[in-house]
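Enquirer: What follows is the file final13.cif, containing mmCIF, C-alpha atoms:
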data_protein
#
loop_
_atom_site.group_PDB
_atom_site.id
_atom_site.type_symbol
_atom_site.label_atom_id
_atom_site.label_comp_id
_atom_site.auth_asym_id
_atom_site.auth_seq_id
_atom_site.Cartn_x
_atom_site.Cartn_y
_atom_site.Cartn_z
ATOM 1 C CA MET Z 1 80.939 103.346 99.556
ATOM 2 C CA SER Z 2 81.396 100.428 97.248
ATOM 3 C CA CYS Z 3 82.868 100.528 93.798
ATOM 4 C CA GLN Z 4 79.611 98.983 92.688
ATOM 5 C CA ASP Z 5 78.141 102.471 93.002
ATOM 6 C CA GLU Z 6 81.000 104.133 91.129
ATOM 7 C CA SER Z 7 81.526 104.136 87.380
ATOM 8 C CA HIS Z 8 85.052 103.042 86.483
ATOM 9 C CA SER Z 9 86.083 104.885 83.346
ATOM 10 C CA HIS Z 10 89.701 103.802 83.662
ATOM 11 C CA ASP Z 11 91.082 100.802 81.839
ATOM 12 C CA HIS Z 12 92.485 97.961 83.916
ATOM 13 C CA SER Z 13 93.364 95.655 81.078
ATOM 14 C CA GLY Z 14 96.803 97.144 80.651
ATOM 15 C CA HIS Z 15 98.010 96.780 84.196
ATOM 16 C CA SER Z 16 101.180 94.825 84.654
ATOM 17 C CA HIS Z 17 102.128 93.318 87.973
ATOM 18 C CA GLY Z 18 105.794 92.691 87.413
ATOM 19 C CA HIS Z 19 106.811 95.211 90.053
ATOM 20 C CA GLY Z 20 110.474 95.540 90.836
ATOM 21 C CA HIS Z 21 110.504 97.296 94.189
ATOM 22 C CA GLY Z 22 113.641 97.960 96.151
ATOM 23 C CA HIS Z 23 113.491 97.910 99.939
ATOM 24 C CA GLY Z 24 115.951 100.624 100.845
ATOM 25 C CA HIS Z 25 113.697 103.669 100.636
ATOM 26 C CA ASP Z 26 110.949 105.540 102.459
ATOM 27 C CA HIS Z 27 110.267 102.950 105.121
ATOM 28 C CA ASP Z 28 111.711 101.334 108.174
ATOM 29 C CA HIS Z 29 110.581 98.192 109.883
ATOM 30 C CA ASP Z 30 108.736 98.533 113.125
ATOM 31 C CA HIS Z 31 109.918 96.905 116.316
ATOM 32 C CA ASP Z 32 108.021 96.801 119.569
ATOM 33 C CA GLY Z 33 109.125 99.031 122.405
ATOM 34 C CA PRO Z 34 107.695 100.242 125.708
ATOM 35 C CA ASP Z 35 106.243 103.399 124.118
ATOM 36 C CA ARG Z 36 105.612 102.056 120.655
ATOM 37 C CA GLY Z 37 101.848 102.044 120.870
ATOM 38 C CA ASP Z 38 101.646 105.639 122.056
ATOM 39 C CA GLU Z 39 103.255 106.891 118.870
ATOM 40 C CA PHE Z 40 100.205 106.129 116.738
ATOM 41 C CA THR Z 41 98.143 108.824 118.371
ATOM 42 C CA LEU Z 42 95.760 109.416 115.471
ATOM 43 C CA TYR Z 43 93.684 106.252 115.922
ATOM 44 C CA THR Z 44 91.197 108.139 118.083
ATOM 45 C CA GLN Z 45 91.290 111.233 115.854
ATOM 46 C CA VAL Z 46 89.828 109.623 112.748
ATOM 47 C CA ASN Z 47 86.249 110.634 111.952
ATOM 48 C CA TYR Z 48 85.050 107.090 111.340
ATOM 49 C CA ASP Z 49 81.578 108.126 110.205
ATOM 50 C CA GLY Z 50 83.192 109.944 107.284
ATOM 51 C CA VAL Z 51 85.622 107.211 106.219
ATOM 52 C CA ARG Z 52 84.788 105.884 102.779
ATOM 53 C CA CYS Z 53 86.461 103.623 100.276
ATOM 54 C CA LEU Z 54 85.975 103.203 96.555
ATOM 55 C CA ASN Z 55 86.072 99.638 95.237
ATOM 56 C CA GLU Z 56 85.823 97.881 98.603
ATOM 57 C CA ALA Z 57 84.205 94.458 98.363
ATOM 58 C CA ALA Z 58 82.250 94.865 101.618
ATOM 59 C CA ASP Z 59 80.721 98.219 102.508
ATOM 60 C CA GLY Z 60 82.203 99.691 105.692
ATOM 61 C CA SER Z 61 85.174 97.334 105.844
ATOM 62 C CA ALA Z 62 87.665 100.198 105.399
ATOM 63 C CA ARG Z 63 86.866 101.528 108.871
ATOM 64 C CA LYS Z 64 88.035 98.260 110.408
ATOM 65 C CA VAL Z 65 91.672 98.582 109.326
ATOM 66 C CA PHE Z 66 92.194 101.416 111.841
ATOM 67 C CA LYS Z 67 92.750 99.354 114.969
ATOM 68 C CA PRO Z 68 94.040 99.842 118.496
ATOM 69 C CA TRP Z 69 97.729 99.038 118.776
ATOM 70 C CA ASP Z 70 97.126 95.810 120.683
ATOM 71 C CA GLN Z 71 94.930 94.553 117.806
ATOM 72 C CA ARG Z 72 97.288 95.482 114.978
ATOM 73 C CA PHE Z 73 98.022 91.864 114.010
ATOM 74 C CA ASP Z 74 94.378 90.802 113.936
ATOM 75 C CA THR Z 75 93.543 89.065 110.649
ATOM 76 C CA THR Z 76 89.765 88.877 110.974
ATOM 77 C CA ALA Z 77 89.093 92.513 110.062
ATOM 78 C CA PHE Z 78 90.486 93.781 106.762
ATOM 79 C CA ILE Z 79 89.610 95.592 103.572
ATOM 80 C CA GLU Z 80 89.593 93.811 100.223
ATOM 81 C CA SER Z 81 89.131 95.358 96.802
ATOM 82 C CA ASP Z 82 86.240 94.305 94.595
ATOM 83 C CA ALA Z 83 86.337 94.750 90.821
ATOM 84 C CA ASP Z 84 90.128 94.850 90.531
ATOM 85 C CA GLU Z 85 93.188 95.530 92.670
ATOM 86 C CA GLN Z 86 92.682 99.283 93.100
ATOM 87 C CA LEU Z 87 91.468 101.085 96.221
ATOM 88 C CA ILE Z 88 90.865 104.752 97.076
ATOM 89 C CA LEU Z 89 90.511 105.385 100.800
ATOM 90 C CA PHE Z 90 89.255 108.728 102.171
ATOM 91 C CA ILE Z 91 90.137 109.457 105.820
ATOM 92 C CA PRO Z 92 88.718 112.570 107.527
ATOM 93 C CA PHE Z 93 90.005 113.734 110.910
ATOM 94 C CA THR Z 94 88.270 115.312 113.876
ATOM 95 C CA GLY Z 95 90.850 118.128 114.004
ATOM 96 C CA LEU Z 96 93.959 119.388 112.247
ATOM 97 C CA VAL Z 97 96.658 116.766 111.785
ATOM 98 C CA LYS Z 98 100.386 116.852 111.141
ATOM 99 C CA LEU Z 99 101.084 113.434 109.663
ATOM 100 C CA LYS Z 100 104.533 111.962 110.275
ATOM 101 C CA SER Z 101 104.239 108.425 108.937
ATOM 102 C CA ILE Z 102 101.874 105.727 107.726
ATOM 103 C CA ALA Z 103 102.173 102.119 108.850
ATOM 104 C CA LEU Z 104 100.536 99.515 106.649
ATOM 105 C CA LEU Z 105 100.196 95.762 106.922
ATOM 106 C CA GLY Z 106 98.833 93.318 104.376
ATOM 107 C CA PHE Z 107 98.884 89.537 104.425
ATOM 108 C CA ASN Z 108 102.518 89.013 103.359
ATOM 109 C CA ASP Z 109 101.500 87.823 99.918
ATOM 110 C CA SER Z 110 100.779 89.137 96.439
ATOM 111 C CA SER Z 111 97.540 90.809 97.608
ATOM 112 C CA THR Z 112 99.605 93.417 99.506
ATOM 113 C CA PRO Z 113 99.549 96.885 97.904
ATOM 114 C CA ALA Z 114 102.684 97.605 95.879
ATOM 115 C CA THR Z 115 102.283 101.385 95.646
ATOM 116 C CA MET Z 116 100.617 104.047 97.796
ATOM 117 C CA LYS Z 117 99.864 107.650 96.844
ATOM 118 C CA ALA Z 118 98.652 110.293 99.293
ATOM 119 C CA PHE Z 119 96.493 113.360 98.640
ATOM 120 C CA THR Z 120 95.775 115.962 101.309
ATOM 121 C CA ASN Z 121 92.689 118.080 101.961
ATOM 122 C CA ARG Z 122 90.905 116.810 98.866
ATOM 123 C CA GLU Z 123 87.386 115.413 98.862
ATOM 124 C CA ASP Z 124 87.085 114.968 95.110
ATOM 125 C CA VAL Z 125 89.604 112.216 94.357
ATOM 126 C CA ASP Z 126 87.953 109.280 92.597
ATOM 127 C CA PHE Z 127 88.829 106.889 89.790
ATOM 128 C CA ASP Z 128 88.013 109.524 87.176
ATOM 129 C CA THR Z 129 90.420 112.106 88.608
ATOM 130 C CA VAL Z 130 93.097 110.265 90.557
ATOM 131 C CA GLU Z 131 95.553 109.761 87.701
ATOM 132 C CA SER Z 132 95.415 113.432 86.715
ATOM 133 C CA THR Z 133 95.702 114.714 90.294
ATOM 134 C CA THR Z 134 99.173 115.398 91.712
ATOM 135 C CA ALA Z 135 99.893 113.416 94.864
ATOM 136 C CA GLN Z 136 101.742 114.961 97.800
ATOM 137 C CA GLN Z 137 103.873 111.823 98.080
ATOM 138 C CA GLU Z 138 104.195 108.337 96.627
ATOM 139 C CA TRP Z 139 105.726 105.237 98.208
ATOM 140 C CA GLU Z 140 106.756 101.856 96.892
ATOM 141 C CA LEU Z 141 105.647 99.304 99.472
ATOM 142 C CA ILE Z 142 107.108 95.981 100.506
ATOM 143 C CA GLU Z 143 105.335 92.708 99.839
ATOM 144 C CA SER Z 144 106.178 90.847 103.039
ATOM 145 C CA VAL Z 145 107.599 91.773 106.423
ATOM 146 C CA PRO Z 146 110.732 90.098 107.810
ATOM 147 C CA SER Z 147 108.979 88.716 110.896
ATOM 148 C CA LYS Z 148 105.459 88.281 112.198
ATOM 149 C CA ASP Z 149 106.061 91.035 114.762
ATOM 150 C CA SER Z 150 107.011 93.684 112.187
ATOM 151 C CA ILE Z 151 104.948 96.393 110.519
ATOM 152 C CA PRO Z 152 106.411 98.537 107.707
ATOM 153 C CA GLU Z 153 106.317 102.259 108.445
ATOM 154 C CA TYR Z 154 106.512 104.808 105.649
ATOM 155 C CA PRO Z 155 107.629 108.325 106.693
ATOM 156 C CA THR Z 156 106.010 111.366 105.141
ATOM 157 C CA LYS Z 157 107.604 114.565 103.947
ATOM 158 C CA MET Z 158 106.083 116.416 106.871
ATOM 159 C CA ALA Z 159 106.144 119.864 105.277
ATOM 160 C CA ARG Z 160 103.537 118.563 102.827
ATOM 161 C CA PHE Z 161 101.385 116.921 105.497
ATOM 162 C CA SER Z 162 100.600 119.726 107.942
ATOM 163 C CA ASN Z 163 97.168 121.141 108.762
ATOM 164 C CA LEU Z 164 95.363 118.131 107.359
ATOM 165 C CA ARG Z 165 91.602 117.938 107.662
ATOM 166 C CA ASN Z 166 91.532 114.772 105.583
ATOM 167 C CA LEU Z 167 93.794 112.322 103.817
ATOM 168 C CA THR Z 168 93.156 110.238 100.698
ATOM 169 C CA LEU Z 169 95.228 107.122 100.022
ATOM 170 C CA TYR Z 170 95.307 105.555 96.574
ATOM 171 C CA PHE Z 171 96.542 102.007 96.036
ATOM 172 C CA PRO Z 172 96.826 101.556 92.245
ATOM 173 C CA ALA Z 173 98.336 98.070 92.187
ATOM 174 C CA ASN Z 174 99.467 95.107 94.242
ATOM 175 C CA PHE Z 175 102.085 92.398 93.730
ATOM 176 C CA GLY Z 176 100.049 90.308 91.298
ATOM 177 C CA ALA Z 177 96.863 89.108 92.999
ATOM 178 C CA SER Z 178 93.428 89.756 91.515
ATOM 179 C CA THR Z 179 92.377 91.734 94.612
ATOM 180 C CA THR Z 180 94.174 93.867 97.191
ATOM 181 C CA LYS Z 181 93.946 93.232 100.940
ATOM 182 C CA ILE Z 182 94.946 95.503 103.836
ATOM 183 C CA ARG Z 183 94.481 94.520 107.481
ATOM 184 C CA TYR Z 184 96.072 97.433 109.344
ATOM 185 C CA ILE Z 185 96.749 101.134 108.804
ATOM 186 C CA GLY Z 186 98.393 103.159 111.556
ATOM 187 C CA LEU Z 187 98.719 106.942 111.331
ATOM 188 C CA LYS Z 188 101.453 108.599 113.355
ATOM 189 C CA GLY Z 189 101.502 112.323 113.982
ATOM 190 C CA GLU Z 190 100.182 115.292 115.904
ATOM 191 C CA TRP Z 191 96.598 116.452 116.326
ATOM 192 C CA THR Z 192 95.198 119.909 117.088
ATOM 193 C CA GLN Z 193 91.588 120.597 117.933
ATOM 194 C CA ILE Z 194 89.771 122.952 115.576
ATOM 195 C CA SER Z 195 88.459 126.006 117.408
ATOM 196 C CA LYS Z 196 84.698 126.256 117.308
ATOM 197 C CA ASN Z 197 84.695 129.965 118.153
ATOM 198 C CA PRO Z 198 83.629 132.022 115.130
ATOM 199 C CA VAL Z 199 85.940 134.646 113.696
ATOM 200 C CA ILE Z 200 84.259 138.012 114.186
ATOM 201 C CA THR Z 201 85.003 140.744 111.644
ATOM 202 C CA LEU Z 202 83.915 144.295 112.435
ATOM 203 C CA TYR Z 203 83.224 146.605 109.523
ATOM 204 C CA GLU Z 204 81.028 149.471 108.372
ATOM 205 C CA SER Z 205 78.701 148.459 105.595
ATOM 206 C CA ALA Z 206 78.324 152.039 104.281
ATOM 207 C CA PRO Z 207 80.753 154.450 105.921
ATOM 208 C CA ASN Z 208 79.878 158.153 105.828
ATOM 209 C CA PRO Z 209 82.920 160.283 104.878
ATOM 210 C CA ASN Z 210 81.590 163.105 107.044
ATOM 211 C CA ASP Z 211 81.977 160.895 110.098
ATOM 212 C CA HIS Z 212 85.743 160.631 109.529
ATOM 213 C CA LYS Z 213 87.515 163.862 110.492
ATOM 214 C CA ILE Z 214 90.965 162.316 110.911
ATOM 215 C CA LYS Z 215 93.119 162.317 107.821
ATOM 216 C CA GLY Z 216 94.472 158.966 106.722
ATOM 217 C CA THR Z 217 95.707 157.063 103.716
ATOM 218 C CA THR Z 218 93.169 156.622 100.962
ATOM 219 C CA THR Z 219 92.931 153.506 98.844
ATOM 220 C CA ASN Z 220 90.274 153.417 96.131
ATOM 221 C CA GLY Z 221 88.210 155.913 98.032
ATOM 222 C CA SER Z 222 88.211 154.077 101.363
ATOM 223 C CA ILE Z 223 89.660 155.789 104.385
ATOM 224 C CA ILE Z 224 92.117 153.727 106.425
ATOM 225 C CA GLN Z 225 92.540 155.283 109.845
#
As structure tokens, what does this structure read like?

Expert:
Amino acid sequence: MSCQDESHSHDHSGHSHGHGHGHGHDHDHDHDGPDRGDEFTLYTQVNYDGVRCLNEAADGSARKVFKPWDQRFDTTAFIESDADEQLILFIPFTGLVKLKSIALLGFNDSSTPATMKAFTNREDVDFDTVESTTAQQEWELIESVPSKDSIPEYPTKMARFSNLRNLTLYFPANFGASTTKIRYIGLKGEWTQISKNPVITLYESAPNPNDHKIKGTTTNGSIIQ
């Protein structure tokens, strides 16, 4: 979904891009290892048909930032914001997710997001509500990685990111460019399939007191046997 279809009621004229972000918090730099790719197990658990992004310049481009590990440094597929530097990305999953960290890669320039906020199990976050909605966690991001083989990884507070059916990421600002660009998002965590078996509840719609000869505890006239 493009921002062209959304009405922006928020004011962008007052945004300042003089971000002073330290680099000693909430992230560690990624280094390749023999099992590194296997850690980002949620790539195949994203419901891509349901992924949507507000304020993307090209419709459907947000789906392309979720890439296989061996394509993580590809620069041909990326998402870019449209009207301004802000993006809201909605990510549904095919099951229940316990999210451990988020890896994010821009283009090592001022178009990289400077801040990321995460909302869980919400389908109503848009530009009219995002500032008044409490995020589960917020990260200050880094502008450029130390080497071309590095990807910043931002750990979550896992107690707040369990049993996720969907995740919304909000990028309110970048490091000074007119638009924001993201070329890779990697989600690390655990996935559990949602049971399709219905929960069956047995009850009597109109119990007859004469049918119950065994004494029990009464609560508001109902007999609990």

Enquirer: For the file shown, report as a list in words the outcome of the PyMOL selection byres ((chain Z and resi 158) around 10) at residue level.

Expert: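 Taken over the shown coordinates, the PyMOL selection byres ((chain Z and resi 158) around 10) returns Lys98, Leu99, Lys100, Ser101, Pro155, Thr156, Lys157, Ala159, Arg160, Phe161, Ser162 and Gly189 of chain Z.
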
Enquirer: Would you put the residues from that selection into a file with C-alpha atoms, as a short mmCIF file (atom, residue, chain, number, x, y, z; two decimals), in the frame of the given file?

Expert:
data_model
loop_
_atom_site.label_atom_id
_atom_site.label_comp_id
_atom_site.auth_asym_id
_atom_site.auth_seq_id
_atom_site.Cartn_x
_atom_site.Cartn_y
_atom_site.Cartn_z
CA LYS Z 98 100.39 116.85 111.14
CA LEU Z 99 101.08 113.43 109.66
CA LYS Z 100 104.53 111.96 110.28
CA SER Z 101 104.24 108.42 108.94
CA PRO Z 155 107.63 108.32 106.69
CA THR Z 156 106.01 111.37 105.14
CA LYS Z 157 107.60 114.56 103.95
CA ALA Z 159 106.14 119.86 105.28
CA ARG Z 160 103.54 118.56 102.83
CA PHE Z 161 101.38 116.92 105.50
CA SER Z 162 100.60 119.73 107.94
CA GLY Z 189 101.50 112.32 113.98
#

Enquirer: Written as JSON, numbers by chain, what is the full residue list that the PyMOL selection byres ((chain Z and resi 168) around 7) yields on the file shown?

Expert: {"Z": [88, 89, 90, 91, 118, 119, 120, 166, 167, 169, 170]}

Enquirer: Quick one: residues within 9 Å of Z:Arg183, only C-alpha atoms counted, chain neighbours fewer than 2 positions away excluded, as a list in words?

Expert: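 The filter keeps Lys64, Val65, Phe66, Arg72, Phe73, Asp74, Thr75, Thr76, Ala77, Phe78, Ile79, Glu80, Leu104, Leu105, Gly106, Phe107, Lys181 and Ile185 of chain Z.
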
Enquirer: With distances taken over only C-alpha atoms, which of Z:Ala114, Z:Ala173, Z:Glu140, Z:Leu42 is nearest to Z:Trp69?

Expert: Z:Leu42

Enquirer: Take atom CA of Z:Asn174 and atom CA of Z:Glu143 and report the distance between them in Å, one decimal.

Expert: 8.5 Å

Enquirer: Padding 3 Å on each side, edges along x, y and z: where is the centre of the box around the listed atoms of stretch 129-136 of chain Z, and how long are its edges in Å to one decimal? Output it as lines of an AutoDock Vina configuration file.

Expert:
center_x = 96.1
center_y = 112.6
center_z = 92.3
size_x = 17.3
size_y = 11.6
size_z = 17.1

Enquirer: Got a sec to resolve the PyMOL selection byres ((chain Z and resi 50) around 9) on this structure and send the residues as a count of residues only?

Expert: 10

Enquirer: Figure out the distance between atom CA of Z:Lys188 and atom CA of Z:Lys148, please, to one decimal in Å.

Expert: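 One can read the atom CA of Z:Lys148 to atom CA of Z:Lys188 distance as 20.7 Å.
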
Enquirer: Which is closest to Z:Ile142 among Z:Glu56, Z:Asp109, Z:Asp126, Z:Asp70, if we use all atoms listed in the file?

Expert: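 Between Z:Glu56, Z:Asp109, Z:Asp126, Z:Asp70, the residue approaching Z:Ile142 most closely is Z:Asp109.
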
Enquirer: From the set Z:Thr44, Z:Thr129, Z:Asn163, Z:Asn108, which residue has the shortest atom-to-atom contact distance to Z:Ser150, counting all atoms listed in the file?

Expert: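 The shortest atom-to-atom distance to Z:Ser150 comes from Z:Asn108.
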
Enquirer: Calculate how many Å separate atom CA of Z:Glu190 from atom CA of Z:Pro146, rounding to one decimal.

Expert: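 The value is 28.5 Å.
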
Enquirer: Quick one: of Z:Ala58, Z:Gln45, Z:Lys117, Z:Lys67, who's nearest to Z:Thr133, counting all atoms listed in the file?

Expert: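 Closest candidate: Z:Lys117.
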
Enquirer: Just want the 6 Å neighbourhood of Z:Thr115, counted on all atoms listed in the file, with same-chain residues fewer than 3 positions away dropped. Output as a PyMOL selection string.

Expert: chain Z and resi 139-141+171
